[in-house]
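Remarks on the structure that follows.
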Amino acid sequence: MNKAFTREDDNDLDDEVEESSPLPAGSRNYMTPGGFARLKGELNALVEKERPEVVATVAWAAGNGDRSENGDYIYGKKRLREIDRRIRLLIKRLDHAEVVDPLTRRDADNADQIFFGATARVRDSRGEERVVSIVGVDEIDTARGYISWVSPMAKALIKAREGDIVTLKTPGGIEDLEVLEVRYQPLATG
């Protein structure tokens, strides 16, 4: 078939595949206020600044004639698809967002119990301690110890209290974790 009769983006159909969501089907997208603000800021930057700049570049490049060998046009169209895909993902995540502030606890009775937004100090069976904070799927930062609420460790820890021992199933086997401390503090997710 002659290339003149094919769609321009047939070679990039795989770019249109949506990212799979790490969220369980039908669940809310829990996130901290800082994480929500960060995603909202990224969406605004893409819609109000970056996308219009790329559209202007593509329009200028299209006006230059032959599009088949026009690098600005080809790269611009590809970048535009990437931006649109990210915008769709951000809108979907923000639409399903449920913002939970770790500092606003419901009951004083549950102050030592682990829920979303909690920071917990745990000790494994080897005696090694680590501090983890349970955050949204878009706020993961392993260097800070921020783990997703859908991760195996968070699932094992949720609803546990100080002094409890929970069982964590890992690829290396089953591991017991002792909850040493639970606190609710501001998290740097923004």
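So you can find residues: chains in the structure tokens are A, B, ... in the order shown, residues in each start at 1, and ligands are numbered from 1 in order.
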All helix (DSSP H, G or I) positions in chain A, as a PyMOL selection string: chain A and resi 3-5+10-16+33-62+71-95+108-110+152-157
Return as a Markdown table the residues of range 161-180 of chain A lying at most 8 Å from range 120-143 of chain A, together with the closest atom-to-atom pair for each and the distance in Å to one decimal, counting only C-alpha atoms, with rows in chain order and ascending residue number.
```
| residue | atom | partner | partner_atom | distance |
| --- | --- | --- | --- | --- |
| A:Glu175 | CA | A:Ser125 | CA | 7.0 |
| A:Asp176 | CA | A:Ser125 | CA | 6.0 |
| A:Leu177 | CA | A:Asp124 | CA | 4.6 |
| A:Glu178 | CA | A:Arg123 | CA | 5.2 |
| A:Val179 | CA | A:Val122 | CA | 4.6 |
| A:Leu180 | CA | A:Val122 | CA | 5.3 |
```
Could you write out that same residue set with N, CA, C and O atoms as a compact mmCIF listing (two decimals), in the first residue's frame?
```txt
# COMPACT_ATOMS: atom_id res chain seq x y z
N GLU A 175 7.17 -13.05 56.73
CA GLU A 175 7.97 -12.29 57.68
C GLU A 175 7.04 -11.64 58.71
O GLU A 175 5.98 -11.13 58.36
N ASP A 176 7.45 -11.69 59.96
CA ASP A 176 6.69 -11.04 61.02
C ASP A 176 7.25 -9.66 61.28
O ASP A 176 8.48 -9.48 61.36
N LEU A 177 6.36 -8.67 61.43
CA LEU A 177 6.76 -7.30 61.74
C LEU A 177 6.08 -6.88 63.04
O LEU A 177 4.88 -7.08 63.21
N GLU A 178 6.87 -6.30 63.94
CA GLU A 178 6.32 -5.78 65.17
C GLU A 178 6.14 -4.28 65.02
O GLU A 178 7.06 -3.57 64.63
N VAL A 179 4.95 -3.79 65.33
CA VAL A 179 4.66 -2.36 65.25
C VAL A 179 5.15 -1.73 66.55
O VAL A 179 4.62 -2.00 67.62
N LEU A 180 6.17 -0.88 66.45
CA LEU A 180 6.76 -0.25 67.63
C LEU A 180 6.12 1.08 67.96
O LEU A 180 5.96 1.42 69.14
```
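For the residues A:Ala111, A:Leu23, A:Ala45, A:Ala61, ranking by smallest atom-to-atom distance to Arg93 in chain A using only C-alpha atoms places A:Leu23 first.
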Residues within 10 Å of Gly190 in chain A, only C-alpha atoms, excluding chain neighbours under 5 positions, as a list of chain:residue names: A:Thr32, A:Pro33, A:Gly34, A:Gly35, A:Phe36, A:Ala37, A:Arg38, A:Leu39, A:Gly41, A:Glu139
Among listed residues A:Ile165, A:Ile74, A:Arg86, A:Ser68, nearest Glu42 in chain A (using only C-alpha atoms): A:Arg86
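Between Tyr146 in chain A and the residues A:Leu103, A:Gln113, A:Thr189, A:Leu168, the shortest atom-to-atom distance, using only C-alpha atoms, involves A:Thr189.
For Ile91 in chain A, the list of residues within 9 Å, based on only C-alpha atoms and with local chain neighbours fewer than 5 positions off taken out, reads Lys40, Leu43, Arg86 and His96 of chain A.
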From A:Asn29, A:Asn70, A:Ser148, A:Thr167, residue lying nearest Ala97 in chain A [only C-alpha atoms]: A:Asn29
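Separating CA of Arg81 in chain A from CA of Arg51 in chain A is a distance of 9.9 Å.
CA of Gly163 in chain A lies 24.4 Å from CA of Asp101 in chain A.
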Pick from A:Val182, A:Met31, A:Ala188, A:Ile174, whichever lies nearest to Leu94 in chain A using only C-alpha atoms: A:Met31
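With distances restricted to only C-alpha atoms, A:Pro152 is the closest residue to Pro171 in chain A from A:Glu53, A:Glu69, A:Pro152, A:Glu82.
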Test item, strand (DSSP E) assignment across range 128-186 of chain A, answer as a ChimeraX atom specification: /A:129-135,146-148,165-170,173-183
Restricting it to N, CA, C and O atoms, dump the selection as an mmCIF file, in the first residue's frame.
```cif
data_model
loop_
_atom_site.group_PDB
_atom_site.id
_atom_site.type_symbol
_atom_site.label_atom_id
_atom_site.label_comp_id
_atom_site.auth_asym_id
_atom_site.auth_seq_id
_atom_site.Cartn_x
_atom_site.Cartn_y
_atom_site.Cartn_z
ATOM 1 N N GLU A 129 14.987 -2.146 62.214
ATOM 2 C CA GLU A 129 13.859 -1.228 62.282
ATOM 3 C C GLU A 129 13.797 -0.374 61.031
ATOM 4 O O GLU A 129 14.828 -0.059 60.447
ATOM 5 N N ARG A 130 12.590 -0.007 60.676
ATOM 6 C CA ARG A 130 12.401 0.930 59.575
ATOM 7 C C ARG A 130 11.127 1.719 59.816
ATOM 8 O O ARG A 130 10.224 1.260 60.515
ATOM 9 N N VAL A 131 11.085 2.894 59.225
ATOM 10 C CA VAL A 131 9.936 3.774 59.364
ATOM 11 C C VAL A 131 9.264 3.879 57.999
ATOM 12 O O VAL A 131 9.926 4.153 56.991
ATOM 13 N N VAL A 132 7.948 3.628 57.981
ATOM 14 C CA VAL A 132 7.182 3.726 56.743
ATOM 15 C C VAL A 132 5.967 4.614 56.971
ATOM 16 O O VAL A 132 5.417 4.655 58.072
ATOM 17 N N SER A 133 5.583 5.322 55.917
ATOM 18 C CA SER A 133 4.369 6.136 55.938
ATOM 19 C C SER A 133 3.468 5.639 54.820
ATOM 20 O O SER A 133 3.932 5.387 53.706
ATOM 21 N N ILE A 134 2.188 5.497 55.111
ATOM 22 C CA ILE A 134 1.240 4.963 54.142
ATOM 23 C C ILE A 134 0.598 6.121 53.383
ATOM 24 O O ILE A 134 -0.061 6.973 53.980
ATOM 25 N N VAL A 135 0.842 6.158 52.069
ATOM 26 C CA VAL A 135 0.398 7.256 51.212
ATOM 27 C C VAL A 135 -0.325 6.702 49.980
ATOM 28 O O VAL A 135 -0.459 5.492 49.827
ATOM 29 N N TYR A 146 7.901 6.207 52.039
ATOM 30 C CA TYR A 146 6.486 6.362 51.694
ATOM 31 C C TYR A 146 6.071 5.167 50.848
ATOM 32 O O TYR A 146 6.594 4.964 49.758
ATOM 33 N N ILE A 147 5.129 4.379 51.372
ATOM 34 C CA ILE A 147 4.649 3.203 50.649
ATOM 35 C C ILE A 147 3.171 3.378 50.310
ATOM 36 O O ILE A 147 2.435 4.052 51.013
ATOM 37 N N SER A 148 2.757 2.768 49.235
ATOM 38 C CA SER A 148 1.371 2.862 48.765
ATOM 39 C C SER A 148 0.452 2.071 49.687
ATOM 40 O O SER A 148 0.808 1.003 50.186
ATOM 41 N N ILE A 165 1.914 -7.655 66.287
ATOM 42 C CA ILE A 165 2.813 -8.320 65.348
ATOM 43 C C ILE A 165 1.964 -8.731 64.161
ATOM 44 O O ILE A 165 0.951 -9.413 64.311
ATOM 45 N N VAL A 166 2.373 -8.282 62.967
ATOM 46 C CA VAL A 166 1.635 -8.581 61.744
ATOM 47 C C VAL A 166 2.467 -9.486 60.855
ATOM 48 O O VAL A 166 3.697 -9.527 60.960
ATOM 49 N N THR A 167 1.797 -10.216 59.995
ATOM 50 C CA THR A 167 2.472 -11.134 59.079
ATOM 51 C C THR A 167 2.484 -10.521 57.689
ATOM 52 O O THR A 167 1.443 -10.155 57.153
ATOM 53 N N LEU A 168 3.679 -10.426 57.126
ATOM 54 C CA LEU A 168 3.880 -9.882 55.788
ATOM 55 C C LEU A 168 4.321 -11.011 54.873
ATOM 56 O O LEU A 168 5.316 -11.684 55.150
ATOM 57 N N LYS A 169 3.580 -11.201 53.778
ATOM 58 C CA LYS A 169 3.953 -12.216 52.798
ATOM 59 C C LYS A 169 4.821 -11.549 51.743
ATOM 60 O O LYS A 169 4.389 -10.624 51.067
ATOM 61 N N THR A 170 6.066 -12.013 51.610
ATOM 62 C CA THR A 170 7.012 -11.467 50.644
ATOM 63 C C THR A 170 7.428 -12.571 49.672
ATOM 64 O O THR A 170 7.205 -13.753 49.945
ATOM 65 N N GLY A 173 9.342 -15.211 51.363
ATOM 66 C CA GLY A 173 8.667 -15.989 52.400
ATOM 67 C C GLY A 173 7.848 -15.100 53.315
ATOM 68 O O GLY A 173 7.646 -13.918 53.058
ATOM 69 N N ILE A 174 7.417 -15.674 54.405
ATOM 70 C CA ILE A 174 6.594 -14.954 55.366
ATOM 71 C C ILE A 174 7.493 -14.297 56.401
ATOM 72 O O ILE A 174 8.449 -14.904 56.885
ATOM 73 N N GLU A 175 7.166 -13.047 56.730
ATOM 74 C CA GLU A 175 7.972 -12.289 57.679
ATOM 75 C C GLU A 175 7.043 -11.642 58.705
ATOM 76 O O GLU A 175 5.983 -11.127 58.356
ATOM 77 N N ASP A 176 7.450 -11.687 59.962
ATOM 78 C CA ASP A 176 6.687 -11.038 61.016
ATOM 79 C C ASP A 176 7.251 -9.659 61.280
ATOM 80 O O ASP A 176 8.477 -9.479 61.359
ATOM 81 N N LEU A 177 6.362 -8.668 61.426
ATOM 82 C CA LEU A 177 6.757 -7.299 61.736
ATOM 83 C C LEU A 177 6.084 -6.882 63.037
ATOM 84 O O LEU A 177 4.882 -7.078 63.207
ATOM 85 N N GLU A 178 6.872 -6.304 63.936
ATOM 86 C CA GLU A 178 6.318 -5.784 65.171
ATOM 87 C C GLU A 178 6.141 -4.279 65.023
ATOM 88 O O GLU A 178 7.063 -3.575 64.628
ATOM 89 N N VAL A 179 4.947 -3.791 65.327
ATOM 90 C CA VAL A 179 4.659 -2.364 65.249
ATOM 91 C C VAL A 179 5.148 -1.728 66.548
ATOM 92 O O VAL A 179 4.618 -2.004 67.625
ATOM 93 N N LEU A 180 6.170 -0.878 66.450
ATOM 94 C CA LEU A 180 6.761 -0.250 67.629
ATOM 95 C C LEU A 180 6.120 1.084 67.962
ATOM 96 O O LEU A 180 5.958 1.422 69.140
ATOM 97 N N GLU A 181 5.778 1.858 66.922
ATOM 98 C CA GLU A 181 5.248 3.197 67.143
ATOM 99 C C GLU A 181 4.359 3.590 65.977
ATOM 100 O O GLU A 181 4.653 3.275 64.828
ATOM 101 N N VAL A 182 3.278 4.308 66.287
ATOM 102 C CA VAL A 182 2.377 4.842 65.264
ATOM 103 C C VAL A 182 2.173 6.315 65.567
ATOM 104 O O VAL A 182 1.902 6.693 66.703
ATOM 105 N N ARG A 183 2.349 7.129 64.539
ATOM 106 C CA ARG A 183 2.098 8.566 64.717
ATOM 107 C C ARG A 183 1.513 9.129 63.426
ATOM 108 O O ARG A 183 1.671 8.556 62.351
#
```
